[in-house]
Amino acid sequence: MSSNDTPKKSLVLNAFVMMCSGHQSPGLWRHPDDESWRFNEVSHWVELAKLLEKAKFHGIFIADVLGGYDVYSNSLDPAKISGAQWPVNEPLSVISAMAAATESIGFGVTASTTYEPPYHFARRLSTVDHLSKGRLGWNIVTSYLDSAAKNLGLTEQPKHDDRYVQAEEYVKVLYKLLESSWRDDAVKLDRKSGIYTQPDLVRPINHDGKFFRVPGPHICQPSPQRTPLLLQAGTSRAGKQFAAQHAEGIFVSAHAPEVCAKSIAEVRELAKTKFGRDPANIKVLALVTPILGRTEEEAQVKLADYRKYASHEGALALFGGWTGIDLSKYGDEEELRHVESNAVRSTVEGYARFSPGTSKWTKHTIAEHVAIGGNGPIFVGTPSQVADGLEAWVAEADVDGFNFAYALFPQSFKDITELLIPELRARGLFWDDYAVSGGTYRENFYEKPGQTGPLDEHIASSYRWKAGVPAEEHIIQD
């Protein structure tokens, strides 16, 4: 079969948001048409969920951090002033409200394995999976801000690879609690005999590891998915190893497809050769910020308008948090590709490689690139032009879909639903309706009715204590 005859992927599409103003585009809250500053209002999130479900988005992917961006200028003030992901609310809290107003759209929530005890977190996951009727996903992160560590009892972040060793144990504790502690049919609700839960069908997990001691049992009965849809975003060596075993969806952010194509291929190969998984069952979603117009000129006018409100100080605050690099130490006109720091040079050269038209790279050039869309590309143009850009990412990086960030909330999402979605459908790139109306996040993510739990090939499925299986025939794994 030639490449031209290869069936097109049906794209997985999420909205990428955060419980703050601006998110990936700091300063845009000042724009008269932006409403991202309404993030404290439940109605703000319910309206978004309804809008995106009408367009048949797979999910709403909610980012989070547990600290402020205080690397730039060695101060939190630039983030405070610009509203660069500050203030920011806890994301799991709003999902039940969005779920109550919708039927099929999923909700991916970011939560760290570094700070919250797994027993408590498992309870929070099960609760929201129940209340959303199985439409919950968990974006597994290990955290990256020292400001978070200092507020949560540590002097600094644990070392990067150590965080992944802890994360590995953390998810195993979660699997034991969510999948192994209760048999599928433990809850009887037998009014005649007076038995609510059959006691021998609920058991402790007796986990005793390096980081956690959790006797169990899990405090919640099995939820529709038991284990939420598992998402992950690490592209380091340790992150790729973790993703190859555990992730069902992977989030990547890069300014060009060739930056992440090798990493994606490596994760898929690891998943196949080391963990016996079908590489196609790991769905990779790339960060993109579309700026759409009915004509190219209209889209470019929008971009120029947005740039007037973007905060360069906020962008440099975000950049500092993401990279650990404080660009306030450099002069306004200093060429960053020539400075002494290897970390600064290599980071800036990574940006410059994919913007050959930019002759000089100062801290303001970096800010210009980050201020709208963050660490991902912005696609500016007509629906046809933006769709061409998306198809290029699919072809060159082997991604399976996109996390769409916004410049203006909710206008950017309205533009996507009104202009881009019809174009994608016309090209056979996006479904007309959910695969399972009222189904779980996982059923619609994989377009497989009945696939409420992890696929049989996934490690979590081996922890499942199925109905009718005696306890002695299902030993809880270490």
# chains A, B, ... in the order shown; residues from 1 in each chain; ligands from 1

call {"tool": "select_by_dssp", "arguments": {"residues": "range 10-258 of chain A", "states": "alpha helix (DSSP H)", "output": "NGL selection string"}}
result
:A and (42-54 or 77-82 or 95-100 or 118-131 or 146-151 or 160-175 or 237-246 or 257-258)

call {"tool": "write_last_selection", "arguments": {"atoms": "C-alpha atoms", "output": "short mmCIF file (atom, residue, chain, number, x, y, z; two decimals), in the first residue's frame"}}
result
data_model
loop_
_atom_site.label_atom_id
_atom_site.label_comp_id
_atom_site.auth_asym_id
_atom_site.auth_seq_id
_atom_site.Cartn_x
_atom_site.Cartn_y
_atom_site.Cartn_z
CA VAL A 42 -18.18 27.33 37.78
CA SER A 43 -20.28 28.66 34.89
CA HIS A 44 -17.07 29.51 33.02
CA TRP A 45 -16.07 25.84 32.92
CA VAL A 46 -19.56 24.48 32.35
CA GLU A 47 -19.98 26.74 29.31
CA LEU A 48 -16.67 25.49 27.90
CA ALA A 49 -17.61 21.84 28.41
CA LYS A 50 -20.94 22.33 26.64
CA LEU A 51 -19.29 24.17 23.73
CA LEU A 52 -16.67 21.48 23.21
CA GLU A 53 -19.04 18.55 23.62
CA LYS A 54 -21.29 20.03 20.94
CA ASP A 77 6.52 39.36 40.87
CA PRO A 78 6.62 39.07 37.05
CA ALA A 79 4.14 36.16 37.27
CA LYS A 80 1.97 38.02 39.77
CA ILE A 81 1.83 41.17 37.65
CA SER A 82 1.27 39.46 34.30
CA ILE A 95 -14.78 18.32 36.82
CA SER A 96 -17.96 17.12 38.52
CA ALA A 97 -19.72 20.35 37.54
CA MET A 98 -18.65 20.01 33.91
CA ALA A 99 -19.60 16.34 33.90
CA ALA A 100 -23.08 17.08 35.28
CA PRO A 118 -1.39 7.65 46.91
CA TYR A 119 -4.12 6.35 49.23
CA HIS A 120 -5.72 9.78 49.45
CA PHE A 121 -5.29 10.45 45.74
CA ALA A 122 -6.83 7.10 44.78
CA ARG A 123 -9.92 8.11 46.72
CA ARG A 124 -10.12 11.42 44.86
CA LEU A 125 -9.78 9.67 41.49
CA SER A 126 -12.42 7.04 42.26
CA THR A 127 -14.84 9.66 43.53
CA VAL A 128 -14.65 11.81 40.41
CA ASP A 129 -14.69 8.77 38.11
CA HIS A 130 -17.97 7.78 39.81
CA LEU A 131 -19.46 11.26 39.62
CA ASP A 146 11.27 24.15 43.37
CA SER A 147 8.68 26.67 44.57
CA ALA A 148 6.24 23.77 44.89
CA ALA A 149 8.74 21.59 46.75
CA LYS A 150 9.48 24.34 49.29
CA ASN A 151 5.79 24.74 50.09
CA HIS A 160 14.62 14.16 38.16
CA ASP A 161 15.21 10.41 37.83
CA ASP A 162 14.44 9.89 41.53
CA ARG A 163 11.03 11.45 40.95
CA TYR A 164 10.36 8.84 38.26
CA VAL A 165 11.45 5.99 40.54
CA GLN A 166 8.93 7.29 43.07
CA ALA A 167 6.30 7.72 40.33
CA GLU A 168 6.78 4.08 39.29
CA GLU A 169 6.01 2.90 42.80
CA TYR A 170 3.18 5.41 43.12
CA VAL A 171 1.26 4.13 40.10
CA LYS A 172 1.73 0.52 41.24
CA VAL A 173 0.12 1.47 44.57
CA LEU A 174 -2.71 3.08 42.60
CA TYR A 175 -3.19 -0.07 40.50
CA ARG A 237 14.96 9.02 29.18
CA ALA A 238 13.15 8.18 32.42
CA GLY A 239 9.95 9.79 31.15
CA LYS A 240 9.96 7.75 27.95
CA GLN A 241 10.51 4.52 29.87
CA PHE A 242 7.60 5.40 32.16
CA ALA A 243 5.33 6.35 29.23
CA ALA A 244 6.13 3.18 27.30
CA GLN A 245 4.77 1.08 30.16
CA HIS A 246 1.96 3.20 31.59
CA PRO A 257 7.41 18.07 14.40
CA GLU A 258 11.01 17.00 13.78
#

call {"tool": "select_by_dssp", "arguments": {"residues": "range 23-159 of chain A", "states": "strand (DSSP E)", "output": "ChimeraX atom specification"}}
result
/A:59-63,106-112,136-141

call {"tool": "closest_atom_pairs", "arguments": {"of": "range 218-237 of chain A", "to": "range 106-116 of chain A", "cutoff": "10 Å", "atoms": "only C-alpha atoms", "output": "Markdown table"}}
result
| residue | atom | partner | partner_atom | distance |
| --- | --- | --- | --- | --- |
| A:Pro228 | CA | A:Gly108 | CA | 8.9 |
| A:Leu229 | CA | A:Gly108 | CA | 7.9 |
| A:Leu230 | CA | A:Gly108 | CA | 8.5 |
| A:Leu231 | CA | A:Gly108 | CA | 7.6 |
| A:Gln232 | CA | A:Thr110 | CA | 9.0 |

call {"tool": "residues_around", "arguments": {"residues": "range 433-443 of chain A", "least_positions_apart": "5", "cutoff": "10 Å", "atoms": "only C-alpha atoms", "output": "ChimeraX atom specification"}}
result
/A:53-59,102-108,129,132-137,224-225,227-230,248,448-455

call {"tool": "closest_atom_pairs", "arguments": {"of": "range 193-300 of chain A", "to": "range 393-397 of chain A", "cutoff": "12 Å", "atoms": "only C-alpha atoms", "output": "Markdown table"}}
result
| residue | atom | partner | partner_atom | distance |
| --- | --- | --- | --- | --- |
| A:Val252 | CA | A:Ala397 | CA | 10.4 |
| A:Ser253 | CA | A:Ala397 | CA | 11.7 |
| A:Ala254 | CA | A:Ala397 | CA | 10.7 |
| A:His255 | CA | A:Trp393 | CA | 10.6 |
| A:Ala256 | CA | A:Trp393 | CA | 8.0 |
| A:Pro257 | CA | A:Ala397 | CA | 5.1 |
| A:Glu258 | CA | A:Ala397 | CA | 6.4 |
| A:Val259 | CA | A:Ala397 | CA | 8.4 |
| A:Cys260 | CA | A:Ala397 | CA | 6.6 |
| A:Ala261 | CA | A:Ala397 | CA | 4.2 |
| A:Lys262 | CA | A:Ala397 | CA | 7.8 |
| A:Ser263 | CA | A:Ala397 | CA | 9.1 |
| A:Ile264 | CA | A:Ala397 | CA | 7.2 |
| A:Ala265 | CA | A:Ala397 | CA | 8.3 |
| A:Glu266 | CA | A:Ala397 | CA | 11.6 |
| A:Arg268 | CA | A:Ala397 | CA | 12.0 |
| A:Lys283 | CA | A:Val394 | CA | 11.5 |
| A:Val284 | CA | A:Ala397 | CA | 9.4 |
| A:Leu285 | CA | A:Val394 | CA | 9.7 |
| A:Ala286 | CA | A:Trp393 | CA | 8.3 |
| A:Leu287 | CA | A:Trp393 | CA | 10.6 |
| A:Val288 | CA | A:Trp393 | CA | 10.1 |

call {"tool": "write_last_selection", "arguments": {"atoms": "N, CA and C atoms", "output": "CSV table (one decimal), in the first residue's frame"}}
result
chain,number,residue,atom,x,y,z
A,252,VAL,N,2.9,16.0,23.9
A,252,VAL,CA,4.2,16.5,23.5
A,252,VAL,C,4.0,18.0,23.2
A,253,SER,N,5.1,18.8,23.5
A,253,SER,CA,5.1,20.2,23.2
A,253,SER,C,6.4,20.5,22.5
A,254,ALA,N,6.4,21.0,21.3
A,254,ALA,CA,7.6,21.4,20.6
A,254,ALA,C,7.2,22.3,19.5
A,255,HIS,N,8.2,23.1,19.0
A,255,HIS,CA,7.8,24.1,18.0
A,255,HIS,C,7.8,23.5,16.6
A,256,ALA,N,8.3,22.3,16.4
A,256,ALA,CA,8.3,21.7,15.1
A,256,ALA,C,8.2,20.2,15.2
A,257,PRO,N,7.6,19.5,14.3
A,257,PRO,CA,7.4,18.1,14.4
A,257,PRO,C,8.7,17.3,14.5
A,258,GLU,N,9.8,17.8,13.8
A,258,GLU,CA,11.0,17.0,13.8
A,258,GLU,C,11.7,17.0,15.2
A,259,VAL,N,11.3,17.9,16.0
A,259,VAL,CA,11.9,18.0,17.4
A,259,VAL,C,11.4,16.8,18.2
A,260,CYS,N,10.2,16.4,18.0
A,260,CYS,CA,9.7,15.3,18.9
A,260,CYS,C,9.5,14.0,18.1
A,261,ALA,N,9.7,13.9,16.8
A,261,ALA,CA,9.5,12.7,16.0
A,261,ALA,C,10.3,11.5,16.6
A,262,LYS,N,11.6,11.8,16.8
A,262,LYS,CA,12.5,10.7,17.3
A,262,LYS,C,12.0,10.2,18.7
A,263,SER,N,11.6,11.1,19.5
A,263,SER,CA,11.2,10.7,20.9
A,263,SER,C,9.9,9.9,20.8
A,264,ILE,N,9.0,10.3,20.0
A,264,ILE,CA,7.7,9.5,19.8
A,264,ILE,C,8.0,8.1,19.3
A,265,ALA,N,8.9,8.0,18.3
A,265,ALA,CA,9.3,6.7,17.8
A,265,ALA,C,9.9,5.8,18.8
A,266,GLU,N,10.8,6.4,19.7
A,266,GLU,CA,11.5,5.7,20.7
A,266,GLU,C,10.5,5.1,21.7
A,268,ARG,N,7.3,4.4,21.3
A,268,ARG,CA,6.5,3.4,20.6
A,268,ARG,C,7.3,2.1,20.6
A,283,LYS,N,-1.6,6.9,22.1
A,283,LYS,CA,-2.0,8.0,21.3
A,283,LYS,C,-1.2,9.3,21.7
A,284,VAL,N,-0.5,9.9,20.8
A,284,VAL,CA,0.3,11.0,21.0
A,284,VAL,C,-0.4,12.3,20.6
A,285,LEU,N,-0.5,13.2,21.5
A,285,LEU,CA,-1.2,14.5,21.2
A,285,LEU,C,-0.2,15.7,21.3
A,286,ALA,N,-0.2,16.5,20.3
A,286,ALA,CA,0.8,17.6,20.2
A,286,ALA,C,0.1,18.9,20.6
A,287,LEU,N,0.8,19.8,21.3
A,287,LEU,CA,0.3,21.1,21.6
A,287,LEU,C,0.3,22.0,20.4
A,288,VAL,N,-0.8,22.6,20.1
A,288,VAL,CA,-0.9,23.6,19.0
A,288,VAL,C,-1.9,24.7,19.4

call {"tool": "closest_residue", "arguments": {"among": "A:Gly314, A:Pro217, A:Gly350, A:Gly209", "to": "Lys176 in chain A", "atoms": "only C-alpha atoms"}}
result
A:Pro217

call {"tool": "closest_residue", "arguments": {"among": "A:Ser193, A:Ser25, A:Thr362, A:Ser143", "to": "Gln85 in chain A", "atoms": "only C-alpha atoms"}}
result
A:Ser25

call {"tool": "atom_distance", "arguments": {"atom1": "CA of Leu419 in chain A", "atom2": "CA of Phe39 in chain A"}}
result
25.0 Å

call {"tool": "residues_around", "arguments": {"residues": "Tyr306 in chain A", "least_positions_apart": "5", "cutoff": "10 Å", "atoms": "only C-alpha atoms", "output": "list in words"}}
result
Ser25, Gly27, Leu28, Arg30, His31, Ile291, Gln300, Val301, Ala371, Ile372, Ala407 and Leu408 of chain A

call {"tool": "write_last_selection", "arguments": {"atoms": "all heavy atoms", "output": "PDB file, in the first residue's frame"}}
result
ATOM      1  N   SER A  25      -0.708  31.825  27.077  1.00  0.00           N
ATOM      2  CA  SER A  25      -0.599  33.139  26.435  1.00  0.00           C
ATOM      3  C   SER A  25      -0.740  34.241  27.489  1.00  0.00           C
ATOM      4  O   SER A  25      -1.782  34.907  27.581  1.00  0.00           O
ATOM      5  CB  SER A  25      -1.670  33.281  25.346  1.00  0.00           C
ATOM      6  OG  SER A  25      -1.513  32.297  24.345  1.00  0.00           O
ATOM      7  N   GLY A  27      -0.909  37.512  29.650  1.00  0.00           N
ATOM      8  CA  GLY A  27      -1.232  38.896  29.319  1.00  0.00           C
ATOM      9  C   GLY A  27      -2.472  39.060  28.474  1.00  0.00           C
ATOM     10  O   GLY A  27      -3.075  40.138  28.435  1.00  0.00           O
ATOM     11  N   LEU A  28      -2.886  37.979  27.782  1.00  0.00           N
ATOM     12  CA  LEU A  28      -4.057  38.078  26.899  1.00  0.00           C
ATOM     13  C   LEU A  28      -5.351  38.278  27.679  1.00  0.00           C
ATOM     14  O   LEU A  28      -6.382  38.616  27.088  1.00  0.00           O
ATOM     15  CB  LEU A  28      -4.154  36.851  25.995  1.00  0.00           C
ATOM     16  CG  LEU A  28      -3.475  36.927  24.612  1.00  0.00           C
ATOM     17  CD1 LEU A  28      -4.158  37.922  23.710  1.00  0.00           C
ATOM     18  CD2 LEU A  28      -1.997  37.227  24.713  1.00  0.00           C
ATOM     19  N   ARG A  30      -5.981  40.723  29.249  1.00  0.00           N
ATOM     20  CA  ARG A  30      -6.296  42.150  29.095  1.00  0.00           C
ATOM     21  C   ARG A  30      -7.107  42.437  27.841  1.00  0.00           C
ATOM     22  O   ARG A  30      -7.672  43.520  27.693  1.00  0.00           O
ATOM     23  CB  ARG A  30      -4.996  42.960  29.048  1.00  0.00           C
ATOM     24  CG  ARG A  30      -4.151  42.863  30.314  1.00  0.00           C
ATOM     25  CD  ARG A  30      -2.988  43.849  30.272  1.00  0.00           C
ATOM     26  NE  ARG A  30      -2.144  43.654  29.109  1.00  0.00           N
ATOM     27  CZ  ARG A  30      -1.805  44.617  28.246  1.00  0.00           C
ATOM     28  NH1 ARG A  30      -2.243  45.852  28.416  1.00  0.00           N
ATOM     29  NH2 ARG A  30      -1.024  44.344  27.220  1.00  0.00           N
ATOM     30  N   HIS A  31      -7.140  41.481  26.915  1.00  0.00           N
ATOM     31  CA  HIS A  31      -7.871  41.689  25.658  1.00  0.00           C
ATOM     32  C   HIS A  31      -9.362  41.820  25.947  1.00  0.00           C
ATOM     33  O   HIS A  31      -9.917  41.053  26.743  1.00  0.00           O
ATOM     34  CB  HIS A  31      -7.620  40.509  24.711  1.00  0.00           C
ATOM     35  CG  HIS A  31      -8.058  40.757  23.306  1.00  0.00           C
ATOM     36  ND1 HIS A  31      -9.391  40.751  22.931  1.00  0.00           N
ATOM     37  CD2 HIS A  31      -7.345  41.016  22.178  1.00  0.00           C
ATOM     38  CE1 HIS A  31      -9.473  40.989  21.627  1.00  0.00           C
ATOM     39  NE2 HIS A  31      -8.247  41.156  21.152  1.00  0.00           N
ATOM     40  N   ILE A 291      -4.800  29.984  15.260  1.00  0.00           N
ATOM     41  CA  ILE A 291      -5.385  31.320  15.148  1.00  0.00           C
ATOM     42  C   ILE A 291      -6.010  31.380  13.764  1.00  0.00           C
ATOM     43  O   ILE A 291      -5.315  31.435  12.748  1.00  0.00           O
ATOM     44  CB  ILE A 291      -4.342  32.417  15.372  1.00  0.00           C
ATOM     45  CG1 ILE A 291      -3.782  32.304  16.790  1.00  0.00           C
ATOM     46  CG2 ILE A 291      -4.951  33.806  15.137  1.00  0.00           C
ATOM     47  CD1 ILE A 291      -2.669  33.273  17.120  1.00  0.00           C
ATOM     48  N   GLN A 300      -4.108  36.807  10.220  1.00  0.00           N
ATOM     49  CA  GLN A 300      -2.907  37.576  10.539  1.00  0.00           C
ATOM     50  C   GLN A 300      -3.245  38.851  11.315  1.00  0.00           C
ATOM     51  O   GLN A 300      -2.495  39.261  12.206  1.00  0.00           O
ATOM     52  CB  GLN A 300      -2.143  37.928   9.251  1.00  0.00           C
ATOM     53  CG  GLN A 300      -1.503  36.742   8.547  1.00  0.00           C
ATOM     54  CD  GLN A 300      -0.355  36.117   9.332  1.00  0.00           C
ATOM     55  OE1 GLN A 300       0.166  36.702  10.277  1.00  0.00           O
ATOM     56  NE2 GLN A 300       0.040  34.907   8.941  1.00  0.00           N
ATOM     57  N   VAL A 301      -4.381  39.457  10.997  1.00  0.00           N
ATOM     58  CA  VAL A 301      -4.836  40.636  11.743  1.00  0.00           C
ATOM     59  C   VAL A 301      -5.120  40.256  13.193  1.00  0.00           C
ATOM     60  O   VAL A 301      -4.787  40.985  14.139  1.00  0.00           O
ATOM     61  CB  VAL A 301      -6.077  41.260  11.078  1.00  0.00           C
ATOM     62  CG1 VAL A 301      -6.750  42.286  11.998  1.00  0.00           C
ATOM     63  CG2 VAL A 301      -5.692  41.920   9.761  1.00  0.00           C
ATOM     64  N   ALA A 371       5.191  34.053  24.107  1.00  0.00           N
ATOM     65  CA  ALA A 371       4.081  34.847  24.654  1.00  0.00           C
ATOM     66  C   ALA A 371       2.706  34.407  24.165  1.00  0.00           C
ATOM     67  O   ALA A 371       1.710  34.606  24.859  1.00  0.00           O
ATOM     68  CB  ALA A 371       4.293  36.326  24.345  1.00  0.00           C
ATOM     69  N   ILE A 372       2.640  33.827  22.992  1.00  0.00           N
ATOM     70  CA  ILE A 372       1.366  33.271  22.497  1.00  0.00           C
ATOM     71  C   ILE A 372       1.611  31.816  22.128  1.00  0.00           C
ATOM     72  O   ILE A 372       2.437  31.512  21.272  1.00  0.00           O
ATOM     73  CB  ILE A 372       0.829  34.050  21.283  1.00  0.00           C
ATOM     74  CG1 ILE A 372       0.514  35.492  21.690  1.00  0.00           C
ATOM     75  CG2 ILE A 372      -0.420  33.371  20.714  1.00  0.00           C
ATOM     76  CD1 ILE A 372       0.055  36.368  20.556  1.00  0.00           C
ATOM     77  N   ALA A 407      -5.600  31.405  22.518  1.00  0.00           N
ATOM     78  CA  ALA A 407      -5.097  32.764  22.703  1.00  0.00           C
ATOM     79  C   ALA A 407      -6.133  33.551  23.492  1.00  0.00           C
ATOM     80  O   ALA A 407      -5.815  34.201  24.482  1.00  0.00           O
ATOM     81  CB  ALA A 407      -4.814  33.425  21.360  1.00  0.00           C
ATOM     82  N   LEU A 408      -7.391  33.469  23.047  1.00  0.00           N
ATOM     83  CA  LEU A 408      -8.507  34.084  23.768  1.00  0.00           C
ATOM     84  C   LEU A 408      -9.469  33.002  24.236  1.00  0.00           C
ATOM     85  O   LEU A 408      -9.787  32.077  23.490  1.00  0.00           O
ATOM     86  CB  LEU A 408      -9.274  35.070  22.878  1.00  0.00           C
ATOM     87  CG  LEU A 408      -8.540  36.300  22.343  1.00  0.00           C
ATOM     88  CD1 LEU A 408      -9.507  37.194  21.583  1.00  0.00           C
ATOM     89  CD2 LEU A 408      -7.845  37.073  23.455  1.00  0.00           C
TER      90      LEU A 408
END

call {"tool": "residues_around", "arguments": {"residues": "range 340-346 of chain A", "least_positions_apart": "4", "cutoff": "12 Å", "atoms": "only C-alpha atoms", "output": "MDAnalysis selection string"}}
result
chainID A and resid 319:320 323:327 329:330 334:336 350:353 361:363 366

call {"tool": "atom_distance", "arguments": {"atom1": "CA of Glu447 in chain A", "atom2": "CA of Asn281 in chain A"}}
result
11.2 Å

call {"tool": "closest_residue", "arguments": {"among": "A:Gly373, A:Ser384, A:Pro87, A:Lys466", "to": "Ala310 in chain A", "atoms": "only C-alpha atoms"}}
result
A:Gly373

call {"tool": "residues_around", "arguments": {"residues": "Leu292 in chain A", "least_positions_apart": "3", "cutoff": "12 Å", "atoms": "only C-alpha atoms", "output": "PyMOL selection string"}}
result
chain A and resi 289+295-303+378-387+406-408+411-421+423
